[in-house]
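Here is the structure we will look at, set down as structure tokens.
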Amino acid sequence: MTAQTSLLAGLDLRAEIDRLRKERNAVILAHYYQRPEIQDLADYIGDSLELSRKAAATDADVIAFCGVRFMAETAKILSPDKTVILPDMDAGCSLEDSCQPDQFRAFRDAHPDHIALTYINCSTEVKALSDVIVTSSSAETILAKIPPEQKIIFGPDRHLGGYLNRKFGRDMLLWPGVCIVHEAFSETELLKLKAQYPDAPVAAHPECPPHIIDHADYVGSTTGILNYAKATPARTLIVATEPHIIHQMQLAMPDKLFIGAPGADGNCNCNICPYMALNTLEKLYLALRDLTPVVHIEEGLRLQAKKSLDAMLAMASGTVGQGDLGAR
Ligand code: 13P
Ligand code: SF4
């Protein structure tokens, strides 16, 4: 037990977080991949697009972002006058790490006739080097608005980019990044599970590699997967994304059975996002108490990054949180 943890030992963390949220006029935004105890006390839970919209629209003074760093930075870019805190500043993302700004700039410079359509899972610097940001729920709507003859580079997720290329007959140039969590699903284990539950449809996130997507009945963002689970008459579902989303599924549909797609060892623990898992109730309490760790972004950089995010929000305006990339 650390010294800090033992100091917090007697505290009712939920009550303390509630008190601080009121005192600070704070809003707690949480992604579906957060621990259940964080999801349970959040003001809003959502996918990347919905959380961006909430962050842009809130009148709270403080945004406590329970997600990863690029999400908290997005909130700060869109709401510069708010204090944005992230319980653990080390909550990064393998996609962001794969795409260093100087290398991305070189990639852009090598393809001057291409626009950069960029997944939101990237740094503020990469957003500033991009033309339009997409999330998994807005990518289809946005791509459909870009003329087919327009050349595009897409980064950092090669699986989402490849999925979009296949679905829409595009030939976007792909940055070679992957999400370590979705990359870990095993096709062999998934096929075994499907044989065991032949009536269970598979819902997959588009960050999954093609050998997993090929077995999916539905492909979409976290919100899309949740909505699909509600809409399908199936009583059992196989879920190929970070398993913490199953908490919301079980709350909304207690009579259905949700099974996380397995990793190579047949155990889905390797699919828990290690970055998302860094946020805990203790750290959220401390962040609200001390208003740190706080997100800072240099103003010139922020304004440059905001252009590509504003382009997303404008181009995705018809996308009403359905998170829907649809059936394959
Ligand atoms: P969405 O919630 O937008 O589908 O994103 C998933 C994700 O990977 C977050 O890191
Ligand atoms: Fe990044 Fe993957 Fe974790 Fe999402 S699940 S934050 S894409 S590492």
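Identifiers in the structure tokens: chain A, B, ... in order shown; residue index from 1 per chain; ligand index from 1 in order shown.
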
Checklist entry - Would you name the residues within 7 Å of ligand 2, counting only C-alpha atoms and all ligand atoms, and put them as number ranges by chain? => result A: 68, 92-95, 121, 179-182, 242, 273-276

Compile a residue-level contact table for chain A against ligand 1 at a cut-off of 6 Å, reporting for every qualifying residue the shortest atom pair and its distance in Å to one decimal, with only C-alpha atoms and all ligand atoms counted, rows ordered by chain and ascending number, as JSON lines.
```
{"residue": "A:Asp47", "atom": "CA", "partner": "ligand 1", "partner_atom_place_in_ligand_line": "2 (O)", "distance": 3.4}
{"residue": "A:Ser48", "atom": "CA", "partner": "ligand 1", "partner_atom_place_in_ligand_line": "3 (O)", "distance": 3.8}
{"residue": "A:Leu49", "atom": "CA", "partner": "ligand 1", "partner_atom_place_in_ligand_line": "3 (O)", "distance": 5.9}
{"residue": "A:Thr135", "atom": "CA", "partner": "ligand 1", "partner_atom_place_in_ligand_line": "3 (O)", "distance": 5.3}
{"residue": "A:Ser136", "atom": "CA", "partner": "ligand 1", "partner_atom_place_in_ligand_line": "3 (O)", "distance": 5.1}
{"residue": "A:Ser221", "atom": "CA", "partner": "ligand 1", "partner_atom_place_in_ligand_line": "4 (O)", "distance": 3.4}
{"residue": "A:Thr222", "atom": "CA", "partner": "ligand 1", "partner_atom_place_in_ligand_line": "4 (O)", "distance": 4.1}
```

Writer output for current selection, C-alpha atoms, as a PDB file, in the first residue's frame:
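Writing done, so here's result-v8.pdb:
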```pdb
ATOM      1  CA  ASP A  47     -17.710   7.118 -27.341  1.00  0.00           C
ATOM      2  CA  SER A  48     -15.042   9.526 -28.566  1.00  0.00           C
ATOM      3  CA  LEU A  49     -17.429  11.595 -30.695  1.00  0.00           C
ATOM      4  CA  THR A 135     -13.833   8.945 -34.775  1.00  0.00           C
ATOM      5  CA  SER A 136     -15.013   5.414 -35.379  1.00  0.00           C
ATOM      6  CA  SER A 221     -17.844   2.286 -32.413  1.00  0.00           C
ATOM      7  CA  THR A 222     -18.415   1.553 -28.744  1.00  0.00           C
TER       8      THR A 222
END
```

Item to check | Separation of atom CA of A:Ala26 from atom CA of A:Lys307, in Å and rounded to one decimal | outcome: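 Atom-to-atom, atom CA of A:Ala26 and atom CA of A:Lys307 are spaced 26.2 Å apart.
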
Next on the checklist: If we count only C-alpha atoms and set the cut-off at 12 Å, which residues sit around stretch 207-214 of chain A, ignoring sequence neighbours fewer than 3 positions away in its own chain? Please answer as a PyMOL selection string.
Outcome noted: chain A and resi 94-95+119+121+135-137+155-167+177-191+194+202-204+217-222+238-242+261-263+271+325+327-328

Next on the checklist: Between atom CA of A:Ala144 and atom CA of A:Arg53, what is the distance in Å, rounded to a tenth?
Outcome noted: 20.9 Å

Item to check | stretch 33-40 of chain A environment, 12 Å, only C-alpha atoms, sequence neighbours closer than 3 positions dropped, as a PyMOL selection string | outcome: chain A and resi 13-14+17-18+28-30+43-48+64-68+87+91+181+221-223+241-251+271-285

Checklist outcome for this item: Min atom-atom distance to A:Thr236 from the set A:Gly260, A:Pro101, A:Gly169, A:Gly266, counting only C-alpha atoms, belongs to A:Gly260

Checklist entry - For A:Ile77, which residue among A:Ala311, A:Ala316, A:Val27, A:Ala55 is the nearest when counting only C-alpha atoms? => result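 Looking at the shortest contact to A:Ile77, the residue is A:Ala55.
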
Next on the checklist: Between atom CA of A:Asp109 and atom CA of A:Lys306, what is the distance in Å, rounded to a tenth?
Outcome noted: 20.8 Å

Next on the checklist: Just list as a ChimeraX atom specification whatever in stretch 90-307 of chain A DSSP marks as strand (DSSP E or B).
Outcome noted: /A:114-119,132-134,151-155,157,173-174,177,185,202-204,218-219,236-240,257-260,263,294

Near-A:Ala314 list (12 Å; only C-alpha atoms; drop same-chain fewer than 2 positions) as a PDB file with N, CA and C atoms, in the first residue's frame:
```
ATOM      1  N   LEU A  49     -16.692  10.482 -30.084  1.00  0.00           N
ATOM      2  CA  LEU A  49     -17.429  11.595 -30.695  1.00  0.00           C
ATOM      3  C   LEU A  49     -18.360  12.245 -29.672  1.00  0.00           C
ATOM      4  N   ARG A  53     -18.256  16.065 -28.107  1.00  0.00           N
ATOM      5  CA  ARG A  53     -19.393  16.998 -28.175  1.00  0.00           C
ATOM      6  C   ARG A  53     -19.764  17.491 -26.777  1.00  0.00           C
ATOM      7  N   VAL A 132      -8.850  16.787 -41.425  1.00  0.00           N
ATOM      8  CA  VAL A 132     -10.129  16.435 -40.800  1.00  0.00           C
ATOM      9  C   VAL A 132      -9.879  15.263 -39.845  1.00  0.00           C
ATOM     10  N   ILE A 133     -10.426  15.373 -38.634  1.00  0.00           N
ATOM     11  CA  ILE A 133     -10.351  14.276 -37.657  1.00  0.00           C
ATOM     12  C   ILE A 133     -11.615  13.420 -37.818  1.00  0.00           C
ATOM     13  N   VAL A 134     -11.472  12.131 -37.583  1.00  0.00           N
ATOM     14  CA  VAL A 134     -12.656  11.261 -37.525  1.00  0.00           C
ATOM     15  C   VAL A 134     -12.597  10.433 -36.260  1.00  0.00           C
ATOM     16  N   SER A 138     -17.880   8.586 -36.633  1.00  0.00           N
ATOM     17  CA  SER A 138     -18.115   9.627 -37.644  1.00  0.00           C
ATOM     18  C   SER A 138     -17.377   9.349 -38.952  1.00  0.00           C
ATOM     19  N   THR A 141     -19.621   8.750 -42.241  1.00  0.00           N
ATOM     20  CA  THR A 141     -20.334   9.960 -42.660  1.00  0.00           C
ATOM     21  C   THR A 141     -19.361  10.944 -43.311  1.00  0.00           C
ATOM     22  N   ILE A 142     -18.196  11.091 -42.702  1.00  0.00           N
ATOM     23  CA  ILE A 142     -17.229  12.077 -43.198  1.00  0.00           C
ATOM     24  C   ILE A 142     -16.610  11.616 -44.516  1.00  0.00           C
ATOM     25  N   LYS A 145     -18.498  12.238 -47.604  1.00  0.00           N
ATOM     26  CA  LYS A 145     -18.577  13.629 -48.073  1.00  0.00           C
ATOM     27  C   LYS A 145     -17.317  14.064 -48.824  1.00  0.00           C
ATOM     28  N   LYS A 306      -7.481  22.705 -33.500  1.00  0.00           N
ATOM     29  CA  LYS A 306      -8.938  22.903 -33.432  1.00  0.00           C
ATOM     30  C   LYS A 306      -9.560  22.894 -34.838  1.00  0.00           C
ATOM     31  N   LYS A 307      -8.766  23.340 -35.837  1.00  0.00           N
ATOM     32  CA  LYS A 307      -9.328  23.395 -37.202  1.00  0.00           C
ATOM     33  C   LYS A 307      -9.787  22.011 -37.668  1.00  0.00           C
ATOM     34  N   SER A 308      -8.942  21.002 -37.437  1.00  0.00           N
ATOM     35  CA  SER A 308      -9.308  19.666 -37.932  1.00  0.00           C
ATOM     36  C   SER A 308     -10.431  19.056 -37.083  1.00  0.00           C
ATOM     37  N   LEU A 309     -10.481  19.410 -35.799  1.00  0.00           N
ATOM     38  CA  LEU A 309     -11.590  18.935 -34.954  1.00  0.00           C
ATOM     39  C   LEU A 309     -12.896  19.640 -35.323  1.00  0.00           C
ATOM     40  N   ASP A 310     -12.816  20.944 -35.586  1.00  0.00           N
ATOM     41  CA  ASP A 310     -14.024  21.672 -36.011  1.00  0.00           C
ATOM     42  C   ASP A 310     -14.546  21.103 -37.329  1.00  0.00           C
ATOM     43  N   ALA A 311     -13.601  20.743 -38.217  1.00  0.00           N
ATOM     44  CA  ALA A 311     -14.016  20.150 -39.500  1.00  0.00           C
ATOM     45  C   ALA A 311     -14.774  18.858 -39.234  1.00  0.00           C
ATOM     46  N   MET A 312     -14.277  18.066 -38.275  1.00  0.00           N
ATOM     47  CA  MET A 312     -15.005  16.828 -37.937  1.00  0.00           C
ATOM     48  C   MET A 312     -16.399  17.142 -37.404  1.00  0.00           C
ATOM     49  N   ALA A 316     -19.604  15.866 -39.332  1.00  0.00           N
ATOM     50  CA  ALA A 316     -20.313  14.743 -38.690  1.00  0.00           C
ATOM     51  C   ALA A 316     -21.649  15.195 -38.132  1.00  0.00           C
ATOM     52  N   SER A 317     -22.102  16.400 -38.514  1.00  0.00           N
ATOM     53  CA  SER A 317     -23.264  16.951 -37.822  1.00  0.00           C
ATOM     54  C   SER A 317     -24.510  16.075 -37.985  1.00  0.00           C
ATOM     55  N   GLY A 318     -24.564  15.263 -39.039  1.00  0.00           N
ATOM     56  CA  GLY A 318     -25.722  14.379 -39.200  1.00  0.00           C
ATOM     57  C   GLY A 318     -25.618  13.107 -38.364  1.00  0.00           C
ATOM     58  N   THR A 319     -24.476  12.917 -37.691  1.00  0.00           N
ATOM     59  CA  THR A 319     -24.251  11.672 -36.956  1.00  0.00           C
ATOM     60  C   THR A 319     -24.733  11.857 -35.530  1.00  0.00           C
TER      61      THR A 319
END
```

Item to check | Among listed residues A:Ile225, A:Cys99, A:Leu78, A:Ala42, nearest A:Ala57 (using only C-alpha atoms) | outcome: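 Closest to A:Ala57 of all the choices is A:Leu78.
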
Next on the checklist: Excluding A:Glu299 and its own-chain neighbours fewer than 4 positions away, which residues fall within 10 Å of it when counting only C-alpha atoms? Please give them as a ChimeraX atom specification.
Outcome noted: /A:77,80,303-305

I need the residues from that last selection saved to file as a compact mmCIF listing (two decimals), in the first residue's frame (with N, CA, C and O atoms), if you can.
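And here's selection24.txt as it stands now:
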```txt
# COMPACT_ATOMS: atom_id res chain seq x y z
N ILE A 77 -8.82 21.34 -26.19
CA ILE A 77 -8.79 22.07 -27.48
C ILE A 77 -10.15 22.71 -27.74
O ILE A 77 -10.24 23.86 -28.19
N PRO A 80 -11.17 25.67 -24.21
CA PRO A 80 -9.91 26.16 -23.63
C PRO A 80 -10.08 26.89 -22.31
O PRO A 80 -9.13 26.99 -21.53
N LEU A 303 -5.02 26.19 -31.51
CA LEU A 303 -5.84 26.76 -32.60
C LEU A 303 -5.65 25.96 -33.88
O LEU A 303 -6.60 25.75 -34.65
N GLN A 304 -4.42 25.52 -34.12
CA GLN A 304 -4.14 24.74 -35.34
C GLN A 304 -4.87 23.38 -35.25
O GLN A 304 -5.49 22.94 -36.23
N ALA A 305 -4.81 22.74 -34.09
CA ALA A 305 -5.46 21.43 -33.93
C ALA A 305 -6.99 21.57 -33.97
O ALA A 305 -7.69 20.66 -34.41
```

Next on the checklist: I need the residues in stretch 87-305 of chain A that are helix (DSSP H, G or I) according to DSSP; give them as a ChimeraX atom specification.
Outcome noted: /A:94-97,101-109,124-128,139-144,158-168,182-184,187-196,210-213,222-231,243-252,268-271,276-278,281-290,299-305
